[in-house]
$ cat my_file-v4.cif   # mmCIF, C-alpha atoms
data_coords
#
loop_
_atom_site.label_atom_id
_atom_site.label_comp_id
_atom_site.auth_asym_id
_atom_site.auth_seq_id
_atom_site.Cartn_x
_atom_site.Cartn_y
_atom_site.Cartn_z
CA MET T 1 27.25 30.12 -20.21
CA GLU T 2 27.25 29.90 -24.01
CA GLN T 3 28.44 26.30 -23.85
CA ILE T 4 25.46 25.31 -21.72
CA LEU T 5 23.07 26.99 -24.14
CA GLU T 6 24.58 25.02 -27.02
CA PHE T 7 23.80 21.71 -25.29
CA LEU T 8 20.35 22.72 -24.06
CA PRO T 9 18.41 21.27 -27.04
CA PHE T 10 20.03 17.90 -26.31
CA LEU T 11 19.79 18.08 -22.51
CA ILE T 12 16.11 18.98 -22.16
CA PRO T 13 14.74 15.83 -23.88
CA LEU T 14 17.32 13.71 -22.04
CA VAL T 15 16.18 15.07 -18.67
CA ILE T 16 12.53 14.52 -19.59
CA ILE T 17 13.25 10.90 -20.60
CA GLN T 18 15.24 10.34 -17.42
CA PHE T 19 12.43 11.55 -15.14
CA ALA T 20 9.78 9.64 -17.12
CA LEU T 21 11.79 6.42 -16.79
CA PHE T 22 12.38 7.12 -13.09
CA GLY T 23 8.67 7.77 -12.49
CA TYR T 24 7.56 4.65 -14.36
CA THR T 25 10.12 2.55 -12.49
CA LEU T 26 8.92 3.82 -9.11
CA TYR T 27 5.31 3.18 -10.12
CA HIS T 28 6.16 -0.36 -11.22
CA ILE T 29 8.13 -1.13 -8.05
CA LEU T 30 5.34 0.14 -5.80
CA THR T 31 2.54 -1.71 -7.62
CA HIS T 32 4.16 -5.14 -8.04
CA LYS T 33 4.98 -7.67 -5.35
CA ASN T 34 7.23 -10.19 -7.13
CA TYR T 35 10.82 -9.56 -8.18
CA LYS T 36 13.41 -11.86 -9.77
CA ILE T 37 16.15 -10.67 -7.40
CA GLY T 38 15.72 -8.78 -4.12
CA ASN T 39 12.67 -7.09 -2.68
CA ARG T 40 10.78 -3.81 -2.91
CA ILE T 41 13.03 -1.92 -0.46
CA LEU T 42 16.20 -2.98 -2.30
CA TRP T 43 14.86 -1.84 -5.66
CA LEU T 44 13.58 1.46 -4.27
CA ILE T 45 17.05 2.19 -2.85
CA VAL T 46 18.84 1.16 -6.06
CA THR T 47 16.47 3.21 -8.21
CA ILE T 48 16.71 6.34 -6.06
CA VAL T 49 20.48 6.19 -5.51
CA PHE T 50 21.24 5.47 -9.18
CA MET T 51 18.48 7.68 -10.55
CA ASN T 52 20.41 8.68 -13.68
CA PHE T 53 19.24 5.85 -15.96
CA VAL T 54 21.36 3.19 -14.21
CA GLY T 55 18.92 2.35 -11.39
CA PRO T 56 15.80 2.05 -13.56
CA ILE T 57 17.66 0.05 -16.22
CA LEU T 58 19.08 -2.31 -13.58
CA TYR T 59 15.58 -2.82 -12.20
CA PHE T 60 14.08 -3.71 -15.56
CA ILE T 61 16.97 -6.08 -16.39
CA LEU T 62 17.47 -7.77 -13.01
CA GLY T 63 14.45 -7.10 -10.81
CA LYS T 64 11.28 -6.98 -12.87
CA GLU T 65 9.37 -10.24 -12.74
CA ASP T 66 7.81 -11.16 -16.08
CA SER T 67 4.13 -11.56 -15.34
#
$ encode --input "my_file-v4.cif" --output "structure tokens"
Amino acid sequence: MEQILEFLPFLIPLVIIQFALFGYTLYHILTHKNYKIGNRILWLIVTIVFMNFVGPILYFILGKEDS
């Protein structure tokens, strides 16, 4: 239990950033119609399955259409 408490000051901001990035990614996917690769359903699945930074980062690198 002590080990978890030692990492808590680092983990709390990391979790907040992760959920903020996840929320912004979902918002962006649901409000835009054009994607470089794939479609809305594909990016929703990728973002939800790989929620821990990987899915949102993949979306912004590979899926987000610059417009």
$ atom_distance --input "my_file-v4.cif" --atom1 "atom CA of Trp43 of chain T" --atom2 "atom CA of Val15 of chain T"
21.4 Å
$ closest_residue --input "my_file-v4.cif" --among "T:Ile4, T:Ile29, T:Leu11, T:Ile45" --to "Phe60 of chain T" --atoms "only C-alpha atoms"
T:Ile29
$ closest_residue --input "my_file-v4.cif" --among "T:Met51, T:Leu42, T:Leu58, T:Ile37" --to "Ala20 of chain T" --atoms "only C-alpha atoms"
T:Met51
$ closest_residue --input "my_file-v4.cif" --among "T:Leu14, T:Leu26, T:Met1, T:Leu8" --to "Thr47 of chain T" --atoms "all atoms listed in the file"
T:Leu26
$ residues_around --input "my_file-v4.cif" --residues "Arg40 of chain T" --least-positions-apart "2" --cutoff "12 Å" --atoms "only C-alpha atoms" --output "MDAnalysis selection string"
chainID T and resid 25:38 42:47 59 63:65
$ residues_around --input "my_file-v4.cif" --residues "Ile17 of chain T" --least-positions-apart "5" --cutoff "12 Å" --atoms "all atoms listed in the file" --output "number ranges by chain"
T: 10-12, 22-24, 51-53, 56
$ axis_aligned_box --input "my_file-v4.cif" --around "segment 56-61 of chain T" --padding-each-side "5 Å" --output "AutoDock Vina command-line options"
--center_x 16.6 --center_y -2.0 --center_z -14.3 --size_x 15.0 --size_y 18.1 --size_z 14.2
$ atom_distance --input "my_file-v4.cif" --atom1 "atom CA of Gln3 of chain T" --atom2 "atom CA of Phe50 of chain T"
26.5 Å
$ atom_distance --input "my_file-v4.cif" --atom1 "atom CA of Asn39 of chain T" --atom2 "atom CA of Phe19 of chain T"
22.4 Å
$ decode --input "my_file-v4.cif" --residues "segment 21-45 of chain T" --atoms "N, CA and C atoms" --output "mmCIF file, in the first residue's frame"
data_model
loop_
_atom_site.group_PDB
_atom_site.id
_atom_site.type_symbol
_atom_site.label_atom_id
_atom_site.label_comp_id
_atom_site.auth_asym_id
_atom_site.auth_seq_id
_atom_site.Cartn_x
_atom_site.Cartn_y
_atom_site.Cartn_z
ATOM 1 N N LEU T 21 -7.521 13.544 -22.837
ATOM 2 C CA LEU T 21 -7.178 13.204 -24.216
ATOM 3 C C LEU T 21 -8.219 12.263 -24.810
ATOM 4 N N PHE T 22 -8.673 11.296 -24.035
ATOM 5 C CA PHE T 22 -9.705 10.362 -24.481
ATOM 6 C C PHE T 22 -11.009 11.100 -24.793
ATOM 7 N N GLY T 23 -11.416 12.004 -23.910
ATOM 8 C CA GLY T 23 -12.643 12.763 -24.118
ATOM 9 C C GLY T 23 -12.565 13.662 -25.337
ATOM 10 N N TYR T 24 -11.435 14.354 -25.508
ATOM 11 C CA TYR T 24 -11.276 15.222 -26.672
ATOM 12 C C TYR T 24 -11.268 14.403 -27.959
ATOM 13 N N THR T 25 -10.628 13.245 -27.934
ATOM 14 C CA THR T 25 -10.586 12.382 -29.114
ATOM 15 C C THR T 25 -11.992 11.915 -29.482
ATOM 16 N N LEU T 26 -12.758 11.455 -28.513
ATOM 17 C CA LEU T 26 -14.135 11.039 -28.794
ATOM 18 C C LEU T 26 -14.957 12.191 -29.354
ATOM 19 N N TYR T 27 -14.810 13.365 -28.766
ATOM 20 C CA TYR T 27 -15.533 14.541 -29.255
ATOM 21 C C TYR T 27 -15.154 14.822 -30.711
ATOM 22 N N HIS T 28 -13.872 14.771 -31.013
ATOM 23 C CA HIS T 28 -13.409 15.072 -32.369
ATOM 24 C C HIS T 28 -13.910 14.029 -33.363
ATOM 25 N N ILE T 29 -13.868 12.765 -32.982
ATOM 26 C CA ILE T 29 -14.347 11.700 -33.871
ATOM 27 C C ILE T 29 -15.836 11.882 -34.161
ATOM 28 N N LEU T 30 -16.611 12.190 -33.144
ATOM 29 C CA LEU T 30 -18.060 12.286 -33.306
ATOM 30 C C LEU T 30 -18.507 13.556 -34.024
ATOM 31 N N THR T 31 -17.662 14.590 -34.068
ATOM 32 C CA THR T 31 -18.078 15.835 -34.702
ATOM 33 C C THR T 31 -17.484 16.053 -36.089
ATOM 34 N N HIS T 32 -16.592 15.180 -36.533
ATOM 35 C CA HIS T 32 -15.995 15.332 -37.861
ATOM 36 C C HIS T 32 -16.400 14.163 -38.752
ATOM 37 N N LYS T 33 -16.454 14.414 -40.040
ATOM 38 C CA LYS T 33 -16.914 13.393 -40.981
ATOM 39 C C LYS T 33 -15.797 12.834 -41.845
ATOM 40 N N ASN T 34 -14.691 13.553 -41.996
ATOM 41 C CA ASN T 34 -13.622 13.120 -42.886
ATOM 42 C C ASN T 34 -12.417 12.617 -42.096
ATOM 43 N N TYR T 35 -11.860 11.508 -42.540
ATOM 44 C CA TYR T 35 -10.699 10.904 -41.904
ATOM 45 C C TYR T 35 -9.695 10.522 -42.972
ATOM 46 N N LYS T 36 -8.405 10.602 -42.666
ATOM 47 C CA LYS T 36 -7.376 10.215 -43.634
ATOM 48 C C LYS T 36 -7.459 8.730 -43.930
ATOM 49 N N ILE T 37 -7.580 7.921 -42.896
ATOM 50 C CA ILE T 37 -7.658 6.461 -43.021
ATOM 51 C C ILE T 37 -8.865 5.989 -42.227
ATOM 52 N N GLY T 38 -9.665 5.100 -42.786
ATOM 53 C CA GLY T 38 -10.776 4.501 -42.058
ATOM 54 C C GLY T 38 -12.005 5.379 -41.986
ATOM 55 N N ASN T 39 -12.894 4.992 -41.067
ATOM 56 C CA ASN T 39 -14.148 5.717 -40.889
ATOM 57 C C ASN T 39 -14.417 5.924 -39.396
ATOM 58 N N ARG T 40 -15.551 6.520 -39.095
ATOM 59 C CA ARG T 40 -15.890 6.861 -37.716
ATOM 60 C C ARG T 40 -15.939 5.627 -36.810
ATOM 61 N N ILE T 41 -16.566 4.555 -37.273
ATOM 62 C CA ILE T 41 -16.694 3.333 -36.456
ATOM 63 C C ILE T 41 -15.319 2.756 -36.128
ATOM 64 N N LEU T 42 -14.444 2.687 -37.131
ATOM 65 C CA LEU T 42 -13.090 2.173 -36.913
ATOM 66 C C LEU T 42 -12.369 2.977 -35.840
ATOM 67 N N TRP T 43 -12.421 4.297 -35.934
ATOM 68 C CA TRP T 43 -11.690 5.126 -34.978
ATOM 69 C C TRP T 43 -12.322 5.104 -33.593
ATOM 70 N N LEU T 44 -13.637 4.942 -33.514
ATOM 71 C CA LEU T 44 -14.253 4.778 -32.192
ATOM 72 C C LEU T 44 -13.776 3.491 -31.537
ATOM 73 N N ILE T 45 -13.723 2.405 -32.307
ATOM 74 C CA ILE T 45 -13.264 1.125 -31.757
ATOM 75 C C ILE T 45 -11.805 1.212 -31.331
#
